[in-house]
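So this one's entry-v1.tsv, TSV, C-alpha atoms:
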chain	number	residue	atom	x	y	z
A	1410	ASP	CA	67.55	140.57	-72.77
A	1411	ALA	CA	70.62	139.09	-74.47
A	1412	GLY	CA	71.47	140.40	-77.87
A	1413	VAL	CA	73.12	138.48	-80.67
A	1414	THR	CA	76.21	136.64	-79.47
A	1415	GLN	CA	79.06	135.21	-81.54
A	1416	SER	CA	82.00	132.99	-80.77
A	1417	PRO	CA	84.89	133.05	-80.87
A	1418	THR	CA	85.84	136.71	-80.79
A	1419	HIS	CA	89.08	136.21	-82.66
A	1420	LEU	CA	90.51	133.33	-84.63
A	1421	ILE	CA	93.77	132.72	-86.44
A	1422	LYS	CA	93.95	129.94	-89.04
A	1423	THR	CA	96.37	128.78	-91.71
A	1424	ARG	CA	95.63	128.62	-95.42
A	1425	GLY	CA	93.83	125.41	-96.35
A	1426	GLN	CA	92.36	124.85	-92.92
A	1427	GLN	CA	88.68	124.78	-92.03
A	1428	VAL	CA	86.88	127.03	-89.56
A	1429	THR	CA	83.52	127.05	-87.78
A	1430	LEU	CA	81.98	130.24	-86.41
A	1431	ARG	CA	78.97	130.24	-84.11
A	1432	CYS	CA	76.04	132.58	-83.55
A	1433	SER	CA	73.18	132.72	-81.06
A	1434	PRO	CA	70.33	134.97	-82.12
A	1435	LYS	CA	68.63	137.61	-80.04
A	1436	SER	CA	65.94	136.19	-77.79
A	1437	GLY	CA	62.72	135.67	-79.75
A	1438	HIS	CA	64.38	135.77	-83.17
A	1439	ASP	CA	64.20	132.81	-85.54
A	1440	THR	CA	66.22	133.94	-88.56
A	1441	VAL	CA	69.97	134.24	-88.86
A	1442	SER	CA	71.95	135.97	-91.60
A	1443	TRP	CA	75.73	135.94	-92.06
A	1444	TYR	CA	77.84	138.73	-93.52
A	1445	GLN	CA	81.53	139.12	-94.32
A	1446	GLN	CA	83.12	142.53	-93.72
A	1447	ALA	CA	86.57	142.95	-95.23
A	1448	LEU	CA	88.77	145.73	-93.92
A	1449	GLY	CA	87.52	149.11	-95.11
A	1450	GLN	CA	84.43	147.67	-96.76
A	1451	GLY	CA	80.75	147.35	-96.01
A	1452	PRO	CA	79.35	143.96	-94.97
A	1453	GLN	CA	78.66	141.51	-97.80
A	1454	PHE	CA	75.75	139.07	-97.50
A	1455	ILE	CA	76.77	135.40	-97.36
A	1456	PHE	CA	73.49	133.59	-96.63
A	1457	GLN	CA	70.38	133.50	-94.50
A	1458	TYR	CA	68.84	130.65	-92.52
A	1459	TYR	CA	65.21	130.30	-91.52
A	1460	GLU	CA	63.47	127.15	-90.30
A	1461	GLU	CA	66.80	125.33	-90.50
A	1462	GLU	CA	67.06	125.90	-94.25
A	1463	GLU	CA	69.23	128.20	-96.32
A	1464	ARG	CA	66.74	130.69	-97.75
A	1465	GLN	CA	68.97	133.04	-99.67
A	1466	ARG	CA	72.60	133.08	-100.68
A	1467	GLY	CA	74.98	135.80	-101.78
A	1468	ASN	CA	77.88	135.53	-104.22
A	1469	PHE	CA	80.10	133.29	-102.14
A	1470	PRO	CA	81.63	129.98	-103.21
A	1471	ASP	CA	80.52	126.61	-101.94
A	1472	ARG	CA	83.45	126.65	-99.51
A	1473	PHE	CA	81.11	128.71	-97.36
A	1474	SER	CA	78.37	126.63	-95.80
A	1475	GLY	CA	76.11	126.92	-92.83
A	1476	HIS	CA	73.65	125.30	-90.56
A	1477	GLN	CA	70.80	126.35	-88.31
A	1478	PHE	CA	69.82	124.32	-85.29
A	1479	PRO	CA	66.34	123.79	-83.80
A	1480	ASN	CA	67.10	126.39	-81.13
A	1481	TYR	CA	67.73	128.91	-83.99
A	1482	SER	CA	71.45	129.19	-83.36
A	1483	SER	CA	73.66	128.93	-86.40
A	1484	GLU	CA	77.10	127.98	-87.59
A	1485	LEU	CA	79.15	129.27	-90.50
A	1486	ASN	CA	81.74	126.88	-91.92
A	1487	VAL	CA	84.50	127.86	-94.29
A	1488	ASN	CA	86.63	125.16	-95.92
A	1489	ALA	CA	90.00	125.42	-97.64
A	1490	LEU	CA	90.70	128.85	-96.20
A	1491	LEU	CA	92.32	131.46	-98.40
A	1492	LEU	CA	94.19	134.58	-97.35
A	1493	GLY	CA	91.29	136.58	-98.80
A	1494	ASP	CA	88.90	135.05	-96.29
A	1495	SER	CA	90.46	137.21	-93.58
A	1496	ALA	CA	87.64	139.47	-92.43
A	1497	LEU	CA	85.14	140.28	-89.70
A	1498	TYR	CA	82.26	137.82	-89.89
A	1499	LEU	CA	79.00	139.25	-88.66
A	1500	CYS	CA	75.89	137.38	-87.67
A	1501	ALA	CA	72.53	139.13	-87.67
A	1502	SER	CA	69.22	137.87	-86.34
A	1503	SER	CA	65.65	138.89	-87.04
A	1504	LEU	CA	62.10	137.77	-86.40
A	1505	GLY	CA	61.21	136.27	-89.74
A	1506	THR	CA	63.07	136.94	-92.93
A	1507	GLY	CA	61.70	140.44	-93.49
A	1508	SER	CA	62.18	142.34	-90.27
A	1509	VAL	CA	65.04	144.47	-89.00
A	1510	GLN	CA	68.31	142.59	-88.63
A	1511	TYR	CA	70.25	143.03	-85.40
A	1512	PHE	CA	73.96	142.32	-85.50
A	1513	GLY	CA	76.35	140.61	-83.16
A	1514	PRO	CA	79.86	141.87	-82.34
A	1515	GLY	CA	81.45	139.69	-84.98
A	1516	THR	CA	84.27	137.18	-85.21
A	1517	ARG	CA	87.59	138.46	-86.51
A	1518	LEU	CA	89.16	135.73	-88.69
A	1519	THR	CA	92.78	136.04	-89.73
A	1520	VAL	CA	94.15	133.57	-92.28
A	1521	THR	CA	97.95	133.33	-92.47
B	913	ALA	CA	70.69	144.25	-108.68
B	914	GLN	CA	70.41	146.54	-105.70
B	915	SER	CA	73.23	148.87	-104.70
B	916	VAL	CA	74.08	151.66	-102.29
B	917	ALA	CA	76.48	154.54	-102.71
B	918	GLN	CA	77.96	156.58	-99.89
B	919	PRO	CA	79.91	159.25	-101.75
B	920	GLU	CA	81.89	160.56	-98.77
B	921	ASP	CA	84.55	158.43	-97.11
B	922	GLN	CA	84.68	160.86	-94.19
B	923	VAL	CA	82.58	163.71	-92.83
B	924	ASN	CA	84.03	166.17	-90.36
B	925	VAL	CA	81.82	168.34	-88.18
B	926	ALA	CA	82.22	170.41	-85.04
B	927	GLU	CA	80.28	169.43	-81.94
B	928	GLY	CA	76.97	171.24	-81.77
B	929	ASN	CA	76.74	171.69	-85.52
B	930	PRO	CA	74.26	169.79	-87.69
B	931	LEU	CA	75.53	166.78	-89.57
B	932	THR	CA	74.51	165.03	-92.78
B	933	VAL	CA	75.79	161.70	-94.06
B	934	LYS	CA	74.76	161.03	-97.65
B	935	CYS	CA	73.36	157.86	-99.18
B	936	THR	CA	71.89	157.07	-102.58
B	937	TYR	CA	70.47	153.74	-103.62
B	938	SER	CA	69.43	151.70	-106.62
B	939	VAL	CA	66.80	148.98	-106.40
B	940	SER	CA	64.01	147.62	-108.52
B	941	GLY	CA	60.73	148.77	-107.10
B	942	ASN	CA	60.26	150.43	-103.74
B	943	PRO	CA	63.03	149.96	-101.18
B	944	TYR	CA	63.41	149.27	-97.53
B	945	LEU	CA	66.24	151.52	-96.31
B	946	PHE	CA	68.34	151.33	-93.17
B	947	TRP	CA	71.11	153.12	-91.32
B	948	TYR	CA	73.53	151.30	-89.04
B	949	VAL	CA	76.46	152.59	-86.97
B	950	GLN	CA	79.65	150.71	-86.17
B	951	TYR	CA	81.99	151.60	-83.34
B	952	PRO	CA	85.60	150.29	-83.32
B	953	ASN	CA	85.83	146.53	-82.88
B	954	ARG	CA	82.07	146.27	-82.60
B	955	GLY	CA	79.23	144.94	-84.70
B	956	LEU	CA	76.65	147.11	-86.37
B	957	GLN	CA	73.99	148.88	-84.34
B	958	PHE	CA	70.61	149.61	-85.91
B	959	LEU	CA	69.74	153.34	-86.02
B	960	LEU	CA	66.60	153.67	-88.12
B	961	LYS	CA	64.63	152.35	-91.07
B	962	TYR	CA	62.33	153.57	-93.82
B	963	ILE	CA	59.54	151.22	-94.79
B	964	THR	CA	56.70	153.44	-95.92
B	965	GLY	CA	54.86	156.59	-94.90
B	966	ASP	CA	56.51	159.83	-93.82
B	967	ASN	CA	59.65	160.69	-95.70
B	968	LEU	CA	61.33	161.89	-92.48
B	969	VAL	CA	62.18	158.97	-90.25
B	970	LYS	CA	63.31	159.39	-86.65
B	971	GLY	CA	65.63	156.92	-85.01
B	972	SER	CA	67.91	156.31	-82.07
B	973	TYR	CA	70.22	158.84	-80.39
B	974	GLY	CA	68.57	161.85	-82.05
B	975	PHE	CA	69.30	160.73	-85.59
B	976	GLU	CA	66.82	161.09	-88.42
B	977	ALA	CA	66.86	160.37	-92.13
B	978	GLU	CA	65.07	161.86	-95.09
B	979	PHE	CA	63.80	159.61	-97.87
B	980	ASN	CA	63.66	161.23	-101.30
B	981	LYS	CA	62.23	158.94	-103.94
B	982	SER	CA	62.89	161.22	-106.91
B	983	GLN	CA	66.56	161.56	-105.97
B	984	THR	CA	66.80	157.94	-104.72
B	985	SER	CA	68.47	159.25	-101.57
B	986	PHE	CA	68.25	158.50	-97.87
B	987	HIS	CA	70.52	160.97	-96.09
B	988	LEU	CA	71.19	160.63	-92.37
B	989	LYS	CA	70.93	163.80	-90.30
B	990	LYS	CA	71.27	165.07	-86.77
B	991	PRO	CA	70.56	168.64	-85.67
B	992	SER	CA	73.43	168.85	-83.17
B	993	ALA	CA	76.43	166.53	-83.35
B	994	LEU	CA	78.18	165.06	-80.30
B	995	VAL	CA	81.78	163.88	-80.05
B	996	SER	CA	80.37	160.48	-79.08
B	997	ASP	CA	78.68	160.27	-82.50
B	998	SER	CA	82.12	159.71	-84.06
B	999	ALA	CA	81.90	156.28	-85.71
B	1000	LEU	CA	81.46	154.49	-89.03
B	1001	TYR	CA	78.01	154.79	-90.58
B	1002	PHE	CA	76.52	152.39	-93.09
B	1003	CYS	CA	73.47	152.81	-95.30
B	1004	ALA	CA	71.74	149.63	-96.47
B	1005	VAL	CA	68.93	148.72	-98.84
B	1006	ARG	CA	66.66	145.73	-99.08
B	1007	ASP	CA	64.48	144.78	-102.01
B	1008	ARG	CA	60.75	144.49	-101.30
B	1009	THR	CA	60.09	141.93	-104.00
B	1010	GLY	CA	59.43	138.33	-103.04
B	1011	THR	CA	60.99	137.03	-99.89
B	1012	ALA	CA	64.42	138.46	-100.59
B	1013	SER	CA	65.74	139.96	-97.43
B	1014	LYS	CA	69.47	140.34	-97.85
B	1015	LEU	CA	70.84	143.75	-96.96
B	1016	THR	CA	73.14	145.46	-99.42
B	1017	PHE	CA	75.45	147.93	-97.71
B	1018	GLY	CA	77.39	150.94	-98.85
B	1019	THR	CA	81.11	151.22	-98.19
B	1020	GLY	CA	80.55	153.34	-95.11
B	1021	THR	CA	81.20	156.94	-94.08
B	1022	ARG	CA	83.43	157.79	-91.17
B	1023	LEU	CA	81.98	160.61	-89.08
B	1024	GLN	CA	84.47	162.62	-87.07
B	1025	VAL	CA	83.02	165.10	-84.57
B	1026	THR	CA	85.50	167.46	-82.94
B	1027	LEU	CA	85.26	169.91	-80.06

Can the structure in the file be given as structure tokens, please?
Amino acid sequence: DAGVTQSPTHLIKTRGQQVTLRCSPKSGHDTVSWYQQALGQGPQFIFQYYEEEERQRGNFPDRFSGHQFPNYSSELNVNALLLGDSALYLCASSLGTGSVQYFGPGTRLTVT
Amino acid sequence: AQSVAQPEDQVNVAEGNPLTVKCTYSVSGNPYLFWYVQYPNRGLQFLLKYITGDNLVKGSYGFEAEFNKSQTSFHLKKPSALVSDSALYFCAVRDRTGTASKLTFGTGTRLQVTL
């Protein structure tokens, strides 16, 4: 039974560029949440997608956007990258919006 | 707003000894509480959760946690630590109200278990 998968594993971008991160949820899960984990910090909630709609959003600017596809996979897009966007981006999936969230291995984004 | 505090950046314990990793929370109403563990260059692995019922919750790998409503705490415990338990541990809280389901995490506690 495949767990949550994320791609790519690592990514290096330049300030001002745009990036897309991808997530496939655990088999049977229909809800995807995205978190940003800066070095030495706990994960911070970005947003959650359920039924292809953004259901909840954390305190992140509009430069952060997402999408959920009919097969429940999800993308996180970040525009106009800043140095401060360098972090580990974690995707978590769950069955419905209220159940336990299971995390993927993350995508390490470095902005130079 | 909900919040979590993990007052210890690092906890050191000898293998075979009991361990405790502390967590206190703040949330309106009754909380859902979680513990996750993170190994180097890995995502978070779910350990256990408190939803309702018994204040002592048992989870994976011999870990357990004690919910204390009056002290708003949810400390993680294990009777006998292993070197392989060395990792970064995160406590998280979720509000029960409405459909809100975002997790709010603490800053993490590094557990170091030595021989």

What would the list of residues within 7 Å of (81.1, 158.3, -88.9) (file frame) look like as an MDAnalysis selection string, if only C-alpha atoms are what count? chainID B and resid 922:923 998:1001 1021:1024

Residues of chain A no more than 7 Å from chain B, counting all atoms listed in the file: send them over as a PyMOL selection string. chain A and resi 1450-1454+1499+1506-1507+1511-1515

So the first atom is CA of Thr1516 (chain A) and the second is CA of Arg1431 (chain A); what is the distance between them in Å, to one decimal place? 8.8 Å

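Atom pair CA of Tyr1458 (chain A) / CA of Leu1485 (chain A): separated by 10.6 Å.
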
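Comparing the minimum interatomic distances between Asn942 (chain B) and each of B:Ser915, B:Thr964, B:Ser985, B:Asn924, counting all atoms listed in the file, we find that B:Thr964 sits nearest.
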
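Shortest separation to Val949 (chain B) among B:Val933, B:Ser992, B:Leu1027, B:Glu927 occurs at residue B:Val933, atoms counted being all atoms listed in the file.
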
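Rounded to one decimal, CA of Thr1440 (chain A) and CA of Arg1464 (chain A) lie 9.8 Å from each other.
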
Around the point (65.0, 161.7, -89.0) (coordinates from the file), which residues reach within 10 Å if we count only C-alpha atoms? Answer as a PyMOL selection string. chain B and resi 960-962+966-972+974-979+986-991

Residue contacts of region 1469-1481 of chain A (12 Å, only C-alpha atoms) excluding same-chain residues fewer than 6 positions away, as a ChimeraX atom specification: /A:1413,1425-1445,1453-1463,1487-1491,1494,1498,1500-1505

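Comparing B:Leu945, B:Val916, B:Val995, B:Leu959 by their smallest distance to Asn929 (chain B), the closest is B:Val995 (using all atoms listed in the file).
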
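In terms of minimum interatomic distance to Glu920 (chain B), B:Cys935 ranks closest within B:Cys935, B:Ile963, B:Val1005, B:Val1025, counting only C-alpha atoms.
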
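With all atoms listed in the file as the basis for measurement, B:Thr1026 is the residue among B:Thr1026, B:Asn980, B:Gln914, B:Thr936 that approaches Leu994 (chain B) most closely.
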
Calculated over only C-alpha atoms, which of the candidates A:Ser1482, A:Gln1510, A:Ala1447, A:Val1520 has the smallest distance to Ala1496 (chain A)? A:Ala1447

Set up a box along x, y and z of the file covering all listed atoms of region 1461-1474 of chain A, add 6 Å on every one of the six sides, and write the centre and edge lengths in Å to one decimal, as AutoDock Vina command-line options.
--center_x 75.1 --center_y 130.6 --center_z -97.4 --size_x 28.7 --size_y 22.5 --size_z 25.7

Saving region 1424-1446 of chain A with C-alpha atoms, as a PDB file, in the first residue's frame, what would that file be?
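As written to disk, out14.pdb reads:
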ATOM      1  CA  ARG A1424      14.481  34.484  -6.718  1.00  0.00           C
ATOM      2  CA  GLY A1425      11.491  35.598  -8.767  1.00  0.00           C
ATOM      3  CA  GLN A1426      10.951  32.247 -10.425  1.00  0.00           C
ATOM      4  CA  GLN A1427       7.895  30.045 -10.086  1.00  0.00           C
ATOM      5  CA  VAL A1428       7.775  26.476  -8.792  1.00  0.00           C
ATOM      6  CA  THR A1429       5.287  23.600  -8.828  1.00  0.00           C
ATOM      7  CA  LEU A1430       5.412  20.783  -6.287  1.00  0.00           C
ATOM      8  CA  ARG A1431       3.375  17.607  -6.636  1.00  0.00           C
ATOM      9  CA  CYS A1432       1.731  15.212  -4.200  1.00  0.00           C
ATOM     10  CA  SER A1433      -0.059  11.889  -4.545  1.00  0.00           C
ATOM     11  CA  PRO A1434      -2.123  10.937  -1.516  1.00  0.00           C
ATOM     12  CA  LYS A1435      -2.124   7.626   0.280  1.00  0.00           C
ATOM     13  CA  SER A1436      -4.391   5.074  -1.367  1.00  0.00           C
ATOM     14  CA  GLY A1437      -8.005   5.646  -0.315  1.00  0.00           C
ATOM     15  CA  HIS A1438      -7.450   9.213   0.880  1.00  0.00           C
ATOM     16  CA  ASP A1439      -9.314  12.127  -0.669  1.00  0.00           C
ATOM     17  CA  THR A1440      -7.976  15.165   1.195  1.00  0.00           C
ATOM     18  CA  VAL A1441      -4.605  16.823   0.791  1.00  0.00           C
ATOM     19  CA  SER A1442      -3.008  19.405   3.075  1.00  0.00           C
ATOM     20  CA  TRP A1443       0.228  21.314   2.452  1.00  0.00           C
ATOM     21  CA  TYR A1444       2.671  22.512   5.087  1.00  0.00           C
ATOM     22  CA  GLN A1445       5.883  24.545   5.004  1.00  0.00           C
ATOM     23  CA  GLN A1446       8.654  23.564   7.409  1.00  0.00           C
TER      24      GLN A1446
END
